[in-house]
Structures are given as C-alpha cells and as structure tokens.
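*Asks:* Starting off with a structure, shown below.
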Amino acid sequence: MSTPHDYSLTGPSSRYAIEHGLANAEWYRAPIPRARMKELMKRSDGPAIRDTLIWIAAFLVTGGLASYFWPGLWSLPFFIAYGVLYGSSSDSRWHECGHGTAFKTAWMNDAVYNVACFMIMREPTVWRWSHTRHHTDTIIVGRDPEVAVMRPTVILKVILMFFAVPQVWGAIQSMLRHAAGRLTPDEADFIPEMERARVYRTARLWLVIHLAVIALSVYWGTILPMLLVGPLPTMYGAWLHIITGLTQHAGLPENVLDHRLNCRTVYMNPVLRFIYWNMNYHVEHHMFPMVPYHRLAELHEEMKPYCPPAYPSVLAAYREIIPAILRQVREPGWSVERPIPQAFPAQPAPAE
Amino acid sequence: MTNWIEACAVGDIAEEDVMRFDHGGRTFAIYRSPDDKYYATDGLCTHEKIHLADGLVMDNIIECPKHNGRFDYRTGEAKGAPVCINLRTYGVKIEGGKVFIAAD
C-alpha cells in the first residue's frame, strides 16, 4: 500500500488523512426532501420509554431468576439472557442515548446513557467524544478511534472480542489511567480540555463501584454480585453485540467519503432489532444521525433508491464478512465493494 | 449604523424550522420559532463547521445534523458536548413581509 496504515490518532496515517482531505470531509447525503427529513427527525419519548420499561423488566426477571436458581444449573439460561441484556443491549442504549435521539427529553437520554455506559464499560465522556469523531471520520485510518477490525486482521483478537476480552482489558486500563488523572495522546486528540475533569471524576466513581461489588462478593462469600454487575456480565454477554456490531463496517473500505461504501444495512428479526435498537440500518444512521432509532425503518424506505441493496439477513452479511476479514489478514488493502446505484454515484475520495 | 440585509420573505421558513442564507461569503441560519418569532445565527456549527440549516429545530433549540450538538438559537448558547463554543447571533427585523438580519 502506498498510504500509511497505522490506527493511532497522532501518527503518519492521521497526518496523511488531514493532508489529503479525508479529515472533516464532506460526505455523500441522499437527497431526501427537507419536509420528509423533518418528520423523520422529530423526537418523541414514547417508543424509548416503552422499550426502556421492557428492558428494565427483562433485567429484573432474568437477574432475579438467575440469582434464585444460583448456583444450580437452572440459573444458566437466565444468566445467558441477563448477560445479553447487560453486555449486548447496553451497546445500542449507549449508542442511541449518546446521540441524544432515543428520547426527546434530554435527562432521559443522559440517564440511560450513563447506565448503559457502565454496563458496557465505556466511560461516558470519553466515548461521547470518540463517537463524535467516528461520525466525522468514519473508518478513516488515523482519525476514527472506533475501528472494530483493524488491518491486517488479527483473528485471535476478533475471536476474543466475542467475550469482550480486549474491550474489558482496555476499559480497566483506561479507567485506572483516568482515575489517576491521565489521558493517552490519542484521547487527548479528541477530548477537549474542558471535558477532562469530568473524565477523571467518572473514572474514580466507577472504580469505587467496581471495588464495592468485589468487596460485597468477598463479604458474602459468593461470586454472585460479580456475576450480576461489573466486568463479568460485560464479558459473558458481549457475544451478541459483536455479532450485530461487526456487520456495521467489517471488511468494507477504509478512507472513503461515502457511507454507502463503508457501512452495511442488514435486515434483522424483531428480537434482534429490539436488542440492537435498529442499528442494523447502519447506512441510514451514519448518513442521517439525527433520525431516532424508531424511525430508521422509514428512513430506510426513503433511501432505498440511493443505496446498495440491504443484506437479507445476519447470515448473509457474515457470508461476506468472514471471507473478507480472513482475506484482510494477508491483503490489508483489499476490501468489499458495494454496488452503488449508477444514477447516484459514490462521493469520490481525494486522490492519493 | 446597523447594516440590515434582506434574507428572505416571512413565509419562506416554516414554523419551527430553519433556513440557510448566504451573503458576502458568509453563511447564516435564519430561524422561525414555534411562537412565530425570527432569529439569526452563524450558519455553521462551532464544533465542526456543519451547516445548521440541515439540522432540527425543537422549540428554541437547533440541533446540528452531524453530531447532534445543541444550541439555543435565541442566545447562541451551546447546550453541552460536543458543542462547547457559543454560536454568534444577529439581530433580526421584519419589514414589509421581509426578514432582515443585522450582519455587520
């Protein structure tokens, strides 16, 4: 490859992206009429309140029954379900509430955001800013801090991601670093000065909570509290959000300026869509991040003429993703090409 | 003396909406509030220079279309991350069915 290829935010790829117009660039947007967009962007509390009440009830039922049957074998199915809620559905709640679109009422977004952040071990201020950058420079090497599968692919790392091993290891290091009042150079690149005190404060609070859960387990002489709160449920429940999350960008091109090329929209069943809060409409979400999750299916209908066909299922997406990331072990410059409708050509990326 | 510039006609902006207005190499956002008042600010978000006119007006808030940063368009006040710098506001007057902004 002629372009530098390191994923740090302060290295040669970052300089390359800035010098070549890949940073803070203009991205393709489907020409949806303003009046329709206004309808789709409109906020309401109803759907997210309904979904959040179901979500809380599901936590209480699965967590309650898992604890009731503990340590018997019958606790296992309830822990599996609880883990999916804790370690996977928190991904979409973190995401949607971070955008401030799930609820109309700001404090509701903030409340669910902070709880979900704790569950998935993403520090709220840090990840708010990293996700802002992810939307500005989606899968731009050296700019996007949220590239899930870096190239060349390290297969062992991808496998371990399903158990949140690299994520939790990174999160613990990050929490300790921030509790000590320090940032990495990459973090300093996307977290403004005025937000840093909040980062340190939250990390210290989280550390106290995690230590309290451990202390409670020791005091009661059972691992049960740690199976319900903390890194363990984040890990044993991560698998589903990795299955859904990898469909977003894995195997697709880096350094392009068109979300139709580097995002996937994948049809999923209603249960997955509840857990994932409709992030399967990922092209739509990236092109118009102001549209709440509960209107994305409608936006998808509006955008169909401008976009490549959606993948009919998760399985169909993985038929593409697995060979792609395996190929990228040896050919990091190769990526899947999406068929853009001829009438609405792709936004050209700046020439090398 | 205030330099009043004609930006648009009163009916050009729907209620609780925003319109882009470019003038003299600058870009502005003109708002019509739910109580039928008009306001004007710089047209680009102070966070990453995105056109606010593509965003969403909710009551007295304009939300940036790219990162959902929110401002009170009456005062320009940034309402929290990822927007940290206030938006510049401009005076507005209505005369003869036209909206004028005081762009200095």
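If you're wondering about the labels, chains in the structure tokens are A, B, ... by order shown, residues count from 1 in each chain, ligands from 1 in order shown.
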DSSP on the backbone, then: every residue of region 174-328 of chain A marked strand (DSSP E or B), written as a ChimeraX atom specification.

*Replies:* /A:265-266,281,311

*Asks:* Quick check: residues of chain B within 10 Å of chain A, only C-alpha atoms, returned as a VMD selection string.

*Replies:* chain B and resid 14 17 48 to 50 54 to 58 63 to 70 81 to 82 84

*Asks:* Kindly export the residues of the current selection with C-alpha atoms, as a tab-separated table (two decimals), in the first residue's frame.

*Replies:*
```tsv
chain	number	residue	atom	x	y	z
B	14	ALA	CA	-41.94	27.01	8.04
B	17	ASP	CA	-37.75	25.47	11.18
B	48	GLU	CA	-17.10	21.12	13.12
B	49	LYS	CA	-18.44	23.70	10.68
B	50	ILE	CA	-21.52	21.77	9.61
B	54	ASP	CA	-29.78	20.86	7.77
B	55	GLY	CA	-30.48	20.34	11.46
B	56	LEU	CA	-33.61	20.08	13.55
B	57	VAL	CA	-35.40	22.93	15.33
B	58	MET	CA	-37.07	21.83	18.57
B	63	GLU	CA	-29.58	20.59	16.77
B	64	CYS	CA	-26.61	20.09	14.46
B	65	PRO	CA	-27.26	17.37	11.87
B	66	LYS	CA	-23.84	15.74	12.18
B	67	HIS	CA	-23.13	15.26	15.88
B	68	ASN	CA	-26.38	16.37	17.49
B	69	GLY	CA	-24.77	19.34	19.25
B	70	ARG	CA	-27.46	21.71	20.54
B	81	ALA	CA	-20.99	18.31	24.44
B	82	PRO	CA	-20.00	18.06	21.69
B	84	CYS	CA	-18.58	23.89	23.73
```

*Asks:* Which residue out of A:Pro312, A:Gly46, A:Pro332, A:Pro345 has the minimum interatomic distance to His294 (chain A) when only C-alpha atoms are used?

*Replies:*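 Looking at the shortest contact to His294 (chain A), the residue is A:Gly46.
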
*Asks:* Mind checking which residues fall within 9 Å of Gly91 (chain B), counting only C-alpha atoms, ignoring those fewer than 6 positions away in the same chain, and posting them as a compact mmCIF listing (two decimals) with N, CA and C atoms, in the first residue's frame?

*Replies:*
```
# COMPACT_ATOMS: atom_id res chain seq x y z
N TRP B 4 -28.61 46.39 7.69
CA TRP B 4 -29.68 45.39 7.59
C TRP B 4 -29.67 44.76 6.21
N TYR B 39 -35.16 34.57 14.27
CA TYR B 39 -33.84 34.73 14.87
C TYR B 39 -32.79 34.40 13.81
N ALA B 40 -31.57 34.87 14.05
CA ALA B 40 -30.49 34.56 13.10
C ALA B 40 -29.20 34.27 13.87
N THR B 41 -28.46 33.29 13.37
CA THR B 41 -27.14 32.96 13.95
C THR B 41 -26.17 32.70 12.80
N PHE B 100 -35.07 40.72 7.69
CA PHE B 100 -33.75 41.36 7.56
C PHE B 100 -32.88 40.93 8.74
N ILE B 101 -31.59 40.71 8.47
CA ILE B 101 -30.68 40.41 9.58
C ILE B 101 -29.60 41.49 9.66
N ALA B 102 -29.15 41.71 10.89
CA ALA B 102 -28.13 42.75 11.12
C ALA B 102 -26.75 42.11 11.06
N ALA B 103 -26.30 41.82 9.86
CA ALA B 103 -24.98 41.21 9.69
C ALA B 103 -23.94 42.31 9.56
```

*Asks:* I need the residues of region 224-302 of chain A that end up classed as alpha helix (DSSP H) by DSSP on the backbone, written out as a PDB file with C-alpha atoms, in the first residue's frame.

*Replies:*
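result.pdb written:
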```
ATOM      1  CA  LEU A 224     -22.982 -13.764  42.588  1.00  0.00           C
ATOM      2  CA  PRO A 225     -22.706  -9.943  42.862  1.00  0.00           C
ATOM      3  CA  MET A 226     -19.801 -10.018  40.418  1.00  0.00           C
ATOM      4  CA  LEU A 227     -21.829 -12.151  38.004  1.00  0.00           C
ATOM      5  CA  LEU A 228     -24.550  -9.507  38.006  1.00  0.00           C
ATOM      6  CA  PRO A 231     -16.722  -6.815  34.015  1.00  0.00           C
ATOM      7  CA  LEU A 232     -18.010 -10.425  34.173  1.00  0.00           C
ATOM      8  CA  PRO A 233     -21.510  -9.831  32.696  1.00  0.00           C
ATOM      9  CA  THR A 234     -19.947  -7.387  30.228  1.00  0.00           C
ATOM     10  CA  MET A 235     -17.808 -10.294  29.078  1.00  0.00           C
ATOM     11  CA  TYR A 236     -20.175 -13.258  29.135  1.00  0.00           C
ATOM     12  CA  TRP A 239     -21.163 -12.052  22.052  1.00  0.00           C
ATOM     13  CA  LEU A 240     -24.425 -10.786  20.593  1.00  0.00           C
ATOM     14  CA  HIS A 241     -23.388  -7.174  20.254  1.00  0.00           C
ATOM     15  CA  ILE A 242     -20.219  -8.311  18.474  1.00  0.00           C
ATOM     16  CA  ILE A 243     -22.308 -10.432  16.085  1.00  0.00           C
ATOM     17  CA  THR A 244     -24.514  -7.454  15.283  1.00  0.00           C
ATOM     18  CA  GLY A 245     -21.776  -4.830  15.602  1.00  0.00           C
ATOM     19  CA  HIS A 259     -21.352   5.789   3.970  1.00  0.00           C
ATOM     20  CA  ARG A 260     -22.934   3.608   1.303  1.00  0.00           C
ATOM     21  CA  LEU A 261     -19.458   2.168   0.735  1.00  0.00           C
ATOM     22  CA  ASN A 262     -18.286   1.669   4.327  1.00  0.00           C
ATOM     23  CA  PRO A 270     -37.736  -8.031  15.693  1.00  0.00           C
ATOM     24  CA  VAL A 271     -35.993  -9.528  18.738  1.00  0.00           C
ATOM     25  CA  LEU A 272     -32.557  -8.569  17.441  1.00  0.00           C
ATOM     26  CA  ARG A 273     -33.872  -5.153  16.432  1.00  0.00           C
ATOM     27  CA  PHE A 274     -35.143  -4.604  19.972  1.00  0.00           C
ATOM     28  CA  ILE A 275     -31.791  -5.577  21.468  1.00  0.00           C
ATOM     29  CA  TYR A 276     -29.902  -3.607  18.812  1.00  0.00           C
ATOM     30  CA  HIS A 282     -26.443   1.489   9.653  1.00  0.00           C
ATOM     31  CA  VAL A 283     -26.046   3.294   6.337  1.00  0.00           C
ATOM     32  CA  GLU A 284     -29.122   5.296   7.250  1.00  0.00           C
ATOM     33  CA  HIS A 285     -27.867   6.046  10.747  1.00  0.00           C
ATOM     34  CA  HIS A 286     -24.495   7.308   9.545  1.00  0.00           C
ATOM     35  CA  MET A 287     -25.920   9.424   6.771  1.00  0.00           C
ATOM     36  CA  LEU A 296     -34.900   4.302  10.857  1.00  0.00           C
ATOM     37  CA  ALA A 297     -37.028   1.692   9.091  1.00  0.00           C
ATOM     38  CA  GLU A 298     -38.988   4.533   7.458  1.00  0.00           C
ATOM     39  CA  LEU A 299     -35.778   6.357   6.538  1.00  0.00           C
ATOM     40  CA  HIS A 300     -34.539   3.125   5.005  1.00  0.00           C
ATOM     41  CA  GLU A 301     -37.557   3.093   2.659  1.00  0.00           C
ATOM     42  CA  GLU A 302     -36.801   6.683   1.597  1.00  0.00           C
TER      43      GLU A 302
END
```
